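What follows is the content of entry-v7.cif, which has mmCIF, N, CA and C atoms:
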data_protein
#
loop_
_atom_site.label_atom_id
_atom_site.label_comp_id
_atom_site.auth_asym_id
_atom_site.auth_seq_id
_atom_site.Cartn_x
_atom_site.Cartn_y
_atom_site.Cartn_z
N MET A 12 143.13 -90.67 -220.75
CA MET A 12 141.91 -89.90 -220.75
C MET A 12 141.92 -88.94 -219.56
N ILE A 13 141.60 -87.71 -219.81
CA ILE A 13 141.57 -86.69 -218.77
C ILE A 13 140.16 -86.61 -218.21
N SER A 14 140.08 -86.75 -216.89
CA SER A 14 138.76 -86.62 -216.27
C SER A 14 138.58 -85.19 -215.78
N ARG A 15 137.39 -84.69 -215.87
CA ARG A 15 137.07 -83.33 -215.48
C ARG A 15 136.29 -83.34 -214.18
N ALA A 16 136.53 -82.32 -213.39
CA ALA A 16 135.81 -82.18 -212.12
C ALA A 16 134.34 -81.89 -212.41
N GLN A 17 133.49 -82.40 -211.54
CA GLN A 17 132.06 -82.15 -211.70
C GLN A 17 131.73 -80.69 -211.40
N GLU A 18 132.45 -80.12 -210.45
CA GLU A 18 132.26 -78.73 -210.06
C GLU A 18 133.57 -77.98 -210.30
N PRO A 19 133.52 -76.72 -210.71
CA PRO A 19 134.77 -75.97 -210.91
C PRO A 19 135.47 -75.70 -209.58
N PHE A 20 136.80 -75.56 -209.65
CA PHE A 20 137.59 -75.25 -208.46
C PHE A 20 137.43 -73.77 -208.15
N HIS A 21 137.28 -73.44 -206.87
CA HIS A 21 137.12 -72.05 -206.46
C HIS A 21 138.28 -71.65 -205.55
N PHE A 22 138.83 -70.46 -205.78
CA PHE A 22 139.87 -69.91 -204.93
C PHE A 22 139.23 -69.02 -203.88
N TYR A 23 139.82 -69.06 -202.67
CA TYR A 23 139.33 -68.23 -201.57
C TYR A 23 140.49 -67.44 -201.00
N SER A 24 140.16 -66.32 -200.44
CA SER A 24 141.14 -65.50 -199.74
C SER A 24 140.81 -65.55 -198.26
N ARG A 25 141.83 -65.52 -197.43
CA ARG A 25 141.60 -65.57 -195.98
C ARG A 25 142.07 -64.27 -195.34
N LEU A 26 141.24 -63.74 -194.49
CA LEU A 26 141.59 -62.57 -193.70
C LEU A 26 141.48 -62.93 -192.23
N THR A 27 142.30 -62.32 -191.42
CA THR A 27 142.26 -62.57 -189.98
C THR A 27 142.11 -61.26 -189.25
N LEU A 28 141.16 -61.23 -188.34
CA LEU A 28 140.90 -60.06 -187.52
C LEU A 28 141.33 -60.38 -186.09
N THR A 29 142.07 -59.47 -185.47
CA THR A 29 142.49 -59.67 -184.09
C THR A 29 141.40 -59.16 -183.17
N HIS A 30 141.02 -59.99 -182.21
CA HIS A 30 139.95 -59.66 -181.27
C HIS A 30 140.50 -59.66 -179.85
N MET A 31 140.30 -58.57 -179.13
CA MET A 31 140.72 -58.49 -177.73
C MET A 31 139.73 -59.30 -176.88
N THR A 32 140.22 -60.26 -176.12
CA THR A 32 139.34 -61.12 -175.32
C THR A 32 138.95 -60.49 -173.99
N GLY A 33 139.71 -59.51 -173.53
CA GLY A 33 139.47 -58.92 -172.21
C GLY A 33 140.17 -59.70 -171.10
N ILE A 34 140.83 -60.78 -171.45
CA ILE A 34 141.55 -61.61 -170.46
C ILE A 34 142.99 -61.13 -170.42
N LYS A 35 143.52 -60.94 -169.21
CA LYS A 35 144.91 -60.53 -169.10
C LYS A 35 145.57 -61.21 -167.91
N ALA A 36 146.89 -61.25 -167.95
CA ALA A 36 147.69 -61.86 -166.88
C ALA A 36 148.72 -60.86 -166.41
N LYS A 37 148.89 -60.79 -165.08
CA LYS A 37 149.88 -59.88 -164.50
C LYS A 37 151.05 -60.63 -163.88
N ASN A 38 150.93 -61.96 -163.83
CA ASN A 38 152.03 -62.78 -163.30
C ASN A 38 151.99 -64.14 -163.98
N LEU A 39 152.99 -64.96 -163.68
CA LEU A 39 153.12 -66.24 -164.34
C LEU A 39 151.98 -67.20 -164.02
N GLN A 40 151.51 -67.20 -162.78
CA GLN A 40 150.40 -68.08 -162.40
C GLN A 40 149.14 -67.73 -163.18
N GLU A 41 148.86 -66.45 -163.35
CA GLU A 41 147.69 -66.03 -164.12
C GLU A 41 147.86 -66.42 -165.59
N LEU A 42 149.06 -66.25 -166.13
CA LEU A 42 149.32 -66.65 -167.51
C LEU A 42 149.02 -68.13 -167.69
N LEU A 43 149.51 -68.95 -166.76
CA LEU A 43 149.29 -70.39 -166.83
C LEU A 43 147.81 -70.74 -166.76
N GLU A 44 147.10 -70.17 -165.81
CA GLU A 44 145.68 -70.50 -165.64
C GLU A 44 144.87 -70.13 -166.88
N HIS A 45 145.14 -68.97 -167.44
CA HIS A 45 144.40 -68.56 -168.64
C HIS A 45 144.82 -69.38 -169.85
N LEU A 46 146.10 -69.69 -169.94
CA LEU A 46 146.61 -70.49 -171.06
C LEU A 46 145.91 -71.84 -171.13
N LYS A 47 145.54 -72.39 -170.00
CA LYS A 47 144.87 -73.70 -169.94
C LYS A 47 143.44 -73.64 -170.49
N THR A 48 142.81 -72.45 -170.43
CA THR A 48 141.37 -72.39 -170.72
C THR A 48 140.97 -71.53 -171.92
N VAL A 49 141.87 -70.69 -172.42
CA VAL A 49 141.49 -69.83 -173.55
C VAL A 49 141.20 -70.67 -174.79
N PRO A 50 140.37 -70.16 -175.69
CA PRO A 50 140.11 -70.88 -176.95
C PRO A 50 141.39 -71.07 -177.76
N GLU A 51 141.40 -72.08 -178.62
CA GLU A 51 142.58 -72.35 -179.45
C GLU A 51 142.90 -71.19 -180.39
N SER A 52 141.91 -70.37 -180.72
CA SER A 52 142.17 -69.21 -181.58
C SER A 52 143.11 -68.23 -180.90
N VAL A 53 143.16 -68.25 -179.57
CA VAL A 53 144.09 -67.40 -178.82
C VAL A 53 145.51 -67.98 -178.95
N ILE A 54 145.62 -69.29 -178.83
CA ILE A 54 146.93 -69.94 -178.99
C ILE A 54 147.47 -69.64 -180.39
N TYR A 55 146.63 -69.77 -181.39
CA TYR A 55 147.02 -69.46 -182.77
C TYR A 55 147.50 -68.01 -182.89
N GLN A 56 146.74 -67.09 -182.34
CA GLN A 56 147.07 -65.66 -182.45
C GLN A 56 148.46 -65.36 -181.90
N HIS A 57 148.81 -65.98 -180.78
CA HIS A 57 150.06 -65.64 -180.11
C HIS A 57 151.24 -66.52 -180.53
N THR A 58 151.01 -67.42 -181.46
CA THR A 58 152.11 -68.26 -181.95
C THR A 58 152.20 -68.15 -183.47
N HIS A 59 151.30 -68.75 -184.19
CA HIS A 59 151.37 -68.83 -185.65
C HIS A 59 151.08 -67.51 -186.36
N ARG A 60 150.18 -66.73 -185.87
CA ARG A 60 149.75 -65.52 -186.56
C ARG A 60 150.91 -64.55 -186.78
N PHE A 61 151.74 -64.33 -185.77
CA PHE A 61 152.85 -63.40 -185.90
C PHE A 61 153.84 -63.90 -186.95
N LEU A 62 154.10 -65.19 -186.95
CA LEU A 62 155.03 -65.76 -187.92
C LEU A 62 154.51 -65.59 -189.33
N GLN A 63 153.21 -65.75 -189.50
CA GLN A 63 152.61 -65.61 -190.81
C GLN A 63 152.71 -64.17 -191.31
N GLN A 64 152.47 -63.23 -190.43
CA GLN A 64 152.51 -61.82 -190.78
C GLN A 64 153.93 -61.33 -191.08
N HIS A 65 154.91 -61.87 -190.37
CA HIS A 65 156.28 -61.37 -190.47
C HIS A 65 157.25 -62.47 -190.89
N GLN A 66 156.85 -63.27 -191.87
CA GLN A 66 157.67 -64.41 -192.28
C GLN A 66 159.00 -64.01 -192.89
N TYR A 67 159.16 -62.75 -193.23
CA TYR A 67 160.41 -62.27 -193.82
C TYR A 67 161.48 -61.98 -192.76
N LEU A 68 161.10 -61.97 -191.47
CA LEU A 68 162.06 -61.67 -190.41
C LEU A 68 162.97 -62.88 -190.15
N VAL A 69 164.24 -62.63 -190.03
CA VAL A 69 165.20 -63.68 -189.73
C VAL A 69 166.09 -63.17 -188.62
N PRO A 70 166.32 -63.90 -187.54
CA PRO A 70 165.68 -65.19 -187.27
C PRO A 70 164.21 -65.00 -186.94
N GLU A 71 163.49 -66.12 -186.98
CA GLU A 71 162.07 -66.05 -186.69
C GLU A 71 161.84 -65.48 -185.29
N PRO A 72 160.86 -64.60 -185.16
CA PRO A 72 160.58 -64.05 -183.83
C PRO A 72 159.97 -65.11 -182.93
N PRO A 73 160.11 -64.95 -181.63
CA PRO A 73 159.56 -65.93 -180.70
C PRO A 73 158.04 -65.80 -180.60
N ASN A 74 157.43 -66.77 -179.93
CA ASN A 74 156.00 -66.63 -179.67
C ASN A 74 155.78 -65.54 -178.63
N ASP A 75 154.58 -65.00 -178.59
CA ASP A 75 154.28 -63.88 -177.70
C ASP A 75 154.42 -64.25 -176.22
N PHE A 76 154.13 -65.50 -175.87
CA PHE A 76 154.21 -65.92 -174.47
C PHE A 76 155.65 -65.84 -173.96
N GLY A 77 156.58 -66.41 -174.75
CA GLY A 77 157.99 -66.38 -174.37
C GLY A 77 158.54 -64.96 -174.33
N TYR A 78 158.12 -64.15 -175.28
CA TYR A 78 158.57 -62.76 -175.32
C TYR A 78 158.13 -62.02 -174.07
N TRP A 79 156.86 -62.17 -173.68
CA TRP A 79 156.33 -61.48 -172.50
C TRP A 79 157.02 -61.95 -171.22
N VAL A 80 157.20 -63.25 -171.09
CA VAL A 80 157.85 -63.79 -169.89
C VAL A 80 159.28 -63.25 -169.78
N THR A 81 159.99 -63.17 -170.89
CA THR A 81 161.37 -62.67 -170.88
C THR A 81 161.45 -61.17 -170.60
N HIS A 82 160.64 -60.40 -171.29
CA HIS A 82 160.80 -58.94 -171.25
C HIS A 82 159.93 -58.23 -170.22
N MET A 83 158.84 -58.83 -169.80
CA MET A 83 157.98 -58.18 -168.81
C MET A 83 158.14 -58.80 -167.42
N LEU A 84 158.18 -60.13 -167.36
CA LEU A 84 158.39 -60.80 -166.07
C LEU A 84 159.87 -60.92 -165.73
N LEU A 85 160.72 -60.63 -166.70
CA LEU A 85 162.18 -60.67 -166.53
C LEU A 85 162.69 -62.05 -166.10
N ASP A 86 162.05 -63.08 -166.63
CA ASP A 86 162.45 -64.46 -166.35
C ASP A 86 163.05 -65.04 -167.64
N GLU A 87 164.35 -64.80 -167.80
CA GLU A 87 165.02 -65.21 -169.04
C GLU A 87 165.06 -66.72 -169.21
N GLU A 88 165.22 -67.45 -168.11
CA GLU A 88 165.29 -68.91 -168.20
C GLU A 88 164.00 -69.48 -168.77
N LEU A 89 162.87 -69.11 -168.18
CA LEU A 89 161.58 -69.62 -168.66
C LEU A 89 161.26 -69.07 -170.04
N GLY A 90 161.53 -67.80 -170.26
CA GLY A 90 161.27 -67.21 -171.57
C GLY A 90 162.01 -67.95 -172.67
N GLU A 91 163.25 -68.31 -172.41
CA GLU A 91 164.04 -69.05 -173.39
C GLU A 91 163.44 -70.43 -173.65
N ARG A 92 162.98 -71.08 -172.59
CA ARG A 92 162.36 -72.40 -172.76
C ARG A 92 161.06 -72.32 -173.57
N LEU A 93 160.27 -71.27 -173.34
CA LEU A 93 159.04 -71.09 -174.10
C LEU A 93 159.33 -70.74 -175.56
N MET A 94 160.35 -69.90 -175.78
CA MET A 94 160.70 -69.52 -177.15
C MET A 94 161.34 -70.67 -177.92
N ALA A 95 161.88 -71.65 -177.20
CA ALA A 95 162.52 -72.78 -177.86
C ALA A 95 161.50 -73.83 -178.34
N ILE A 96 160.25 -73.68 -177.95
CA ILE A 96 159.22 -74.62 -178.40
C ILE A 96 159.02 -74.42 -179.91
N ASP A 97 159.24 -75.49 -180.65
CA ASP A 97 159.09 -75.45 -182.11
C ASP A 97 157.61 -75.64 -182.44
N ILE A 98 156.92 -74.54 -182.71
CA ILE A 98 155.47 -74.62 -182.91
C ILE A 98 155.09 -75.45 -184.13
N MET A 99 155.99 -75.60 -185.07
CA MET A 99 155.68 -76.35 -186.29
C MET A 99 155.71 -77.86 -186.10
N ARG A 100 156.25 -78.32 -185.01
CA ARG A 100 156.32 -79.77 -184.82
C ARG A 100 155.05 -80.34 -184.20
N TYR A 101 154.15 -79.47 -183.76
CA TYR A 101 152.90 -79.93 -183.15
C TYR A 101 151.80 -79.99 -184.20
N HIS A 102 151.03 -81.06 -184.15
CA HIS A 102 150.00 -81.29 -185.16
C HIS A 102 148.67 -80.64 -184.81
N SER A 103 148.56 -80.11 -183.61
CA SER A 103 147.33 -79.43 -183.23
C SER A 103 147.65 -78.31 -182.25
N LEU A 104 146.77 -77.34 -182.20
CA LEU A 104 146.94 -76.24 -181.24
C LEU A 104 146.78 -76.75 -179.82
N SER A 105 146.00 -77.78 -179.66
CA SER A 105 145.82 -78.39 -178.33
C SER A 105 147.14 -78.98 -177.83
N ASP A 106 147.85 -79.67 -178.71
CA ASP A 106 149.16 -80.23 -178.34
C ASP A 106 150.18 -79.13 -178.04
N LEU A 107 150.15 -78.06 -178.83
CA LEU A 107 151.05 -76.93 -178.61
C LEU A 107 150.74 -76.28 -177.27
N ARG A 108 149.46 -76.09 -176.97
CA ARG A 108 149.06 -75.51 -175.68
C ARG A 108 149.60 -76.37 -174.54
N GLN A 109 149.44 -77.68 -174.64
CA GLN A 109 149.89 -78.58 -173.58
C GLN A 109 151.40 -78.51 -173.39
N ALA A 110 152.13 -78.35 -174.47
CA ALA A 110 153.60 -78.23 -174.37
C ALA A 110 153.97 -76.97 -173.59
N MET A 111 153.30 -75.87 -173.88
CA MET A 111 153.59 -74.61 -173.17
C MET A 111 153.18 -74.70 -171.71
N VAL A 112 152.01 -75.30 -171.46
CA VAL A 112 151.55 -75.48 -170.08
C VAL A 112 152.54 -76.32 -169.30
N SER A 113 153.03 -77.40 -169.89
CA SER A 113 154.00 -78.29 -169.22
C SER A 113 155.28 -77.56 -168.86
N VAL A 114 155.78 -76.73 -169.78
CA VAL A 114 157.01 -75.97 -169.53
C VAL A 114 156.80 -75.01 -168.36
N ILE A 115 155.68 -74.32 -168.35
CA ILE A 115 155.41 -73.35 -167.26
C ILE A 115 155.19 -74.07 -165.94
N GLU A 116 154.44 -75.16 -165.95
CA GLU A 116 154.20 -75.91 -164.71
C GLU A 116 155.50 -76.46 -164.14
N SER A 117 156.36 -76.97 -164.99
CA SER A 117 157.65 -77.48 -164.56
C SER A 117 158.48 -76.36 -163.93
N HIS A 118 158.45 -75.21 -164.54
CA HIS A 118 159.19 -74.07 -164.02
C HIS A 118 158.64 -73.63 -162.66
N LEU A 119 157.33 -73.55 -162.53
CA LEU A 119 156.71 -73.14 -161.28
C LEU A 119 156.96 -74.14 -160.15
N ALA A 120 157.13 -75.41 -160.48
CA ALA A 120 157.41 -76.42 -159.47
C ALA A 120 158.76 -76.18 -158.81
N ASN A 121 159.68 -75.55 -159.54
CA ASN A 121 161.03 -75.30 -159.03
C ASN A 121 161.31 -73.84 -158.65
N HIS A 122 160.43 -72.95 -159.07
CA HIS A 122 160.61 -71.51 -158.81
C HIS A 122 159.28 -70.94 -158.33
N LYS A 123 159.25 -70.41 -157.16
CA LYS A 123 158.00 -69.88 -156.60
C LYS A 123 157.84 -68.39 -156.80
N ASN A 124 158.66 -67.79 -157.64
CA ASN A 124 158.60 -66.36 -157.88
C ASN A 124 157.33 -65.99 -158.64
N LEU A 125 156.48 -65.21 -158.01
CA LEU A 125 155.26 -64.73 -158.67
C LEU A 125 155.36 -63.23 -158.91
N HIS A 126 156.43 -62.84 -159.56
CA HIS A 126 156.67 -61.44 -159.89
C HIS A 126 155.46 -60.85 -160.62
N GLN A 127 154.97 -59.71 -160.15
CA GLN A 127 153.87 -58.99 -160.80
C GLN A 127 154.48 -57.97 -161.76
N VAL A 128 153.89 -57.83 -162.92
CA VAL A 128 154.38 -56.82 -163.86
C VAL A 128 153.85 -55.45 -163.46
N PRO A 129 154.54 -54.39 -163.84
CA PRO A 129 154.05 -53.04 -163.54
C PRO A 129 152.72 -52.78 -164.26
N GLU A 130 152.00 -51.81 -163.77
CA GLU A 130 150.74 -51.40 -164.40
C GLU A 130 150.96 -51.10 -165.87
N GLY A 131 150.08 -51.61 -166.71
CA GLY A 131 150.18 -51.37 -168.14
C GLY A 131 151.03 -52.38 -168.89
N LYS A 132 151.63 -53.34 -168.19
CA LYS A 132 152.50 -54.32 -168.85
C LYS A 132 151.91 -55.74 -168.82
N ALA A 133 150.63 -55.86 -168.49
CA ALA A 133 149.99 -57.17 -168.43
C ALA A 133 149.96 -57.82 -169.81
N PHE A 134 149.88 -59.14 -169.82
CA PHE A 134 149.73 -59.88 -171.08
C PHE A 134 148.25 -59.87 -171.44
N HIS A 135 147.92 -59.36 -172.60
CA HIS A 135 146.54 -59.31 -173.07
C HIS A 135 146.32 -60.44 -174.06
N PHE A 136 145.43 -61.35 -173.71
CA PHE A 136 145.12 -62.48 -174.58
C PHE A 136 144.23 -62.00 -175.73
N MET A 137 144.69 -62.22 -176.94
CA MET A 137 143.95 -61.83 -178.14
C MET A 137 143.61 -63.08 -178.93
N SER A 138 142.54 -63.00 -179.65
CA SER A 138 142.06 -64.13 -180.43
C SER A 138 142.13 -63.79 -181.91
N ALA A 139 142.33 -64.79 -182.73
CA ALA A 139 142.34 -64.60 -184.18
C ALA A 139 141.00 -65.06 -184.73
N VAL A 140 140.29 -64.15 -185.36
CA VAL A 140 139.02 -64.48 -186.01
C VAL A 140 139.29 -64.52 -187.50
N ARG A 141 139.08 -65.69 -188.12
CA ARG A 141 139.41 -65.86 -189.53
C ARG A 141 138.15 -65.82 -190.39
N PHE A 142 138.32 -65.20 -191.55
CA PHE A 142 137.25 -65.11 -192.54
C PHE A 142 137.76 -65.66 -193.86
N SER A 143 136.97 -66.50 -194.53
CA SER A 143 137.32 -66.98 -195.86
C SER A 143 136.31 -66.39 -196.84
N MET A 144 136.85 -65.80 -197.90
CA MET A 144 135.98 -65.15 -198.89
C MET A 144 136.35 -65.63 -200.28
N PRO A 145 135.35 -65.90 -201.11
CA PRO A 145 135.65 -66.33 -202.47
C PRO A 145 136.29 -65.19 -203.26
N THR A 146 137.22 -65.53 -204.14
CA THR A 146 137.83 -64.54 -205.01
C THR A 146 137.08 -64.55 -206.34
N HIS A 147 137.32 -63.54 -207.14
CA HIS A 147 136.64 -63.46 -208.45
C HIS A 147 137.34 -64.35 -209.46
#
Could you spell out this file's structure in structure tokens?
Amino acid sequence: MISRAQEPFHFYSRLTLTHMTGIKAKNLQELLEHLKTVPESVIYQHTHRFLQQHQYLVPEPPNDFGYWVTHMLLDEELGERLMAIDIMRYHSLSDLRQAMVSVIESHLANHKNLHQVPEGKAFHFMSAVRFSMPTH
């Protein structure tokens, strides 16, 4: 016997809007401090959102944090460690944030370089604002 749902199933479409938070970092210490406190929607924006938008790229592009550390702060060692974090193995954005914070804190414990990026090269923290809308 086939049972029927009491209510019909509804499909929804999701849209994501990028929101500038106004928070920026000019060095590794500032990146770390903001990374600890920004909303999880910021962590999502700089890790999962890019992969979702550009899933056809091979190899997968790194997260924005690792990219900025490598190319703007010119710290290839730390950038590589941040890019090596497998974002899909974490079950929550909170756990992913903690993994990135731990990598940066460990690096800062052994390297005191607080290189400042040139004007215009700061890391701008952006947030992902998601909307779900019913489809027809």
Quick one: everything within 8 Å of Ile115 in chain A, counting all atoms listed in the file, minus sequence neighbours fewer than 5 positions away in the same chain. Send it as a ChimeraX atom specification. /A:39,43,89,92-93,109-110,120-121
Within-5 Å shell of (134.9, -67.8, -202.2) in input frame, only N, CA and C atoms, as a ChimeraX atom specification: /A:22-23,144-146
Next, write the just-selected residues to a file, as a compact mmCIF listing (two decimals), in the coordinates of the input, keeping N, CA and C atoms as the atom set.
# COMPACT_ATOMS: atom_id res chain seq x y z
N PHE A 22 138.83 -70.46 -205.78
CA PHE A 22 139.87 -69.91 -204.93
C PHE A 22 139.23 -69.02 -203.88
N TYR A 23 139.82 -69.06 -202.67
CA TYR A 23 139.33 -68.23 -201.57
C TYR A 23 140.49 -67.44 -201.00
N MET A 144 136.85 -65.80 -197.90
CA MET A 144 135.98 -65.15 -198.89
C MET A 144 136.35 -65.63 -200.28
N PRO A 145 135.35 -65.90 -201.11
CA PRO A 145 135.65 -66.33 -202.47
C PRO A 145 136.29 -65.19 -203.26
N THR A 146 137.22 -65.53 -204.14
CA THR A 146 137.83 -64.54 -205.01
C THR A 146 137.08 -64.55 -206.34
Quick one: residues within 12 Å of Glu130 in chain A, only C-alpha atoms, excluding same-chain residues fewer than 2 positions away - as a PyMOL selection string? chain A and resi 35-38+83+127-128+132-134
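Counting only C-alpha atoms and comparing A:His147, A:His30, A:Arg141, A:His122, the residue that lies closest to Asp86 in chain A is A:His122.
Proximity of A:Glu51, A:Phe76, A:Gly131, A:Glu41 to Leu119 in chain A, computed with only C-alpha atoms, is greatest for A:Glu41.
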Result set of the PyMOL selection byres (((chain A and resi 56 and name CA) around 12) and name CA) on the coordinates above, as a PyMOL selection string: chain A and resi 27-32+49-55+57-64+74-76+104+135-141
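Across the structure, atom N of Pro73 in chain A and CA of Met94 in chain A are spaced 6.4 Å apart.
From atom N of His126 in chain A back to CA of Leu85 in chain A, the distance works out to 9.3 Å.
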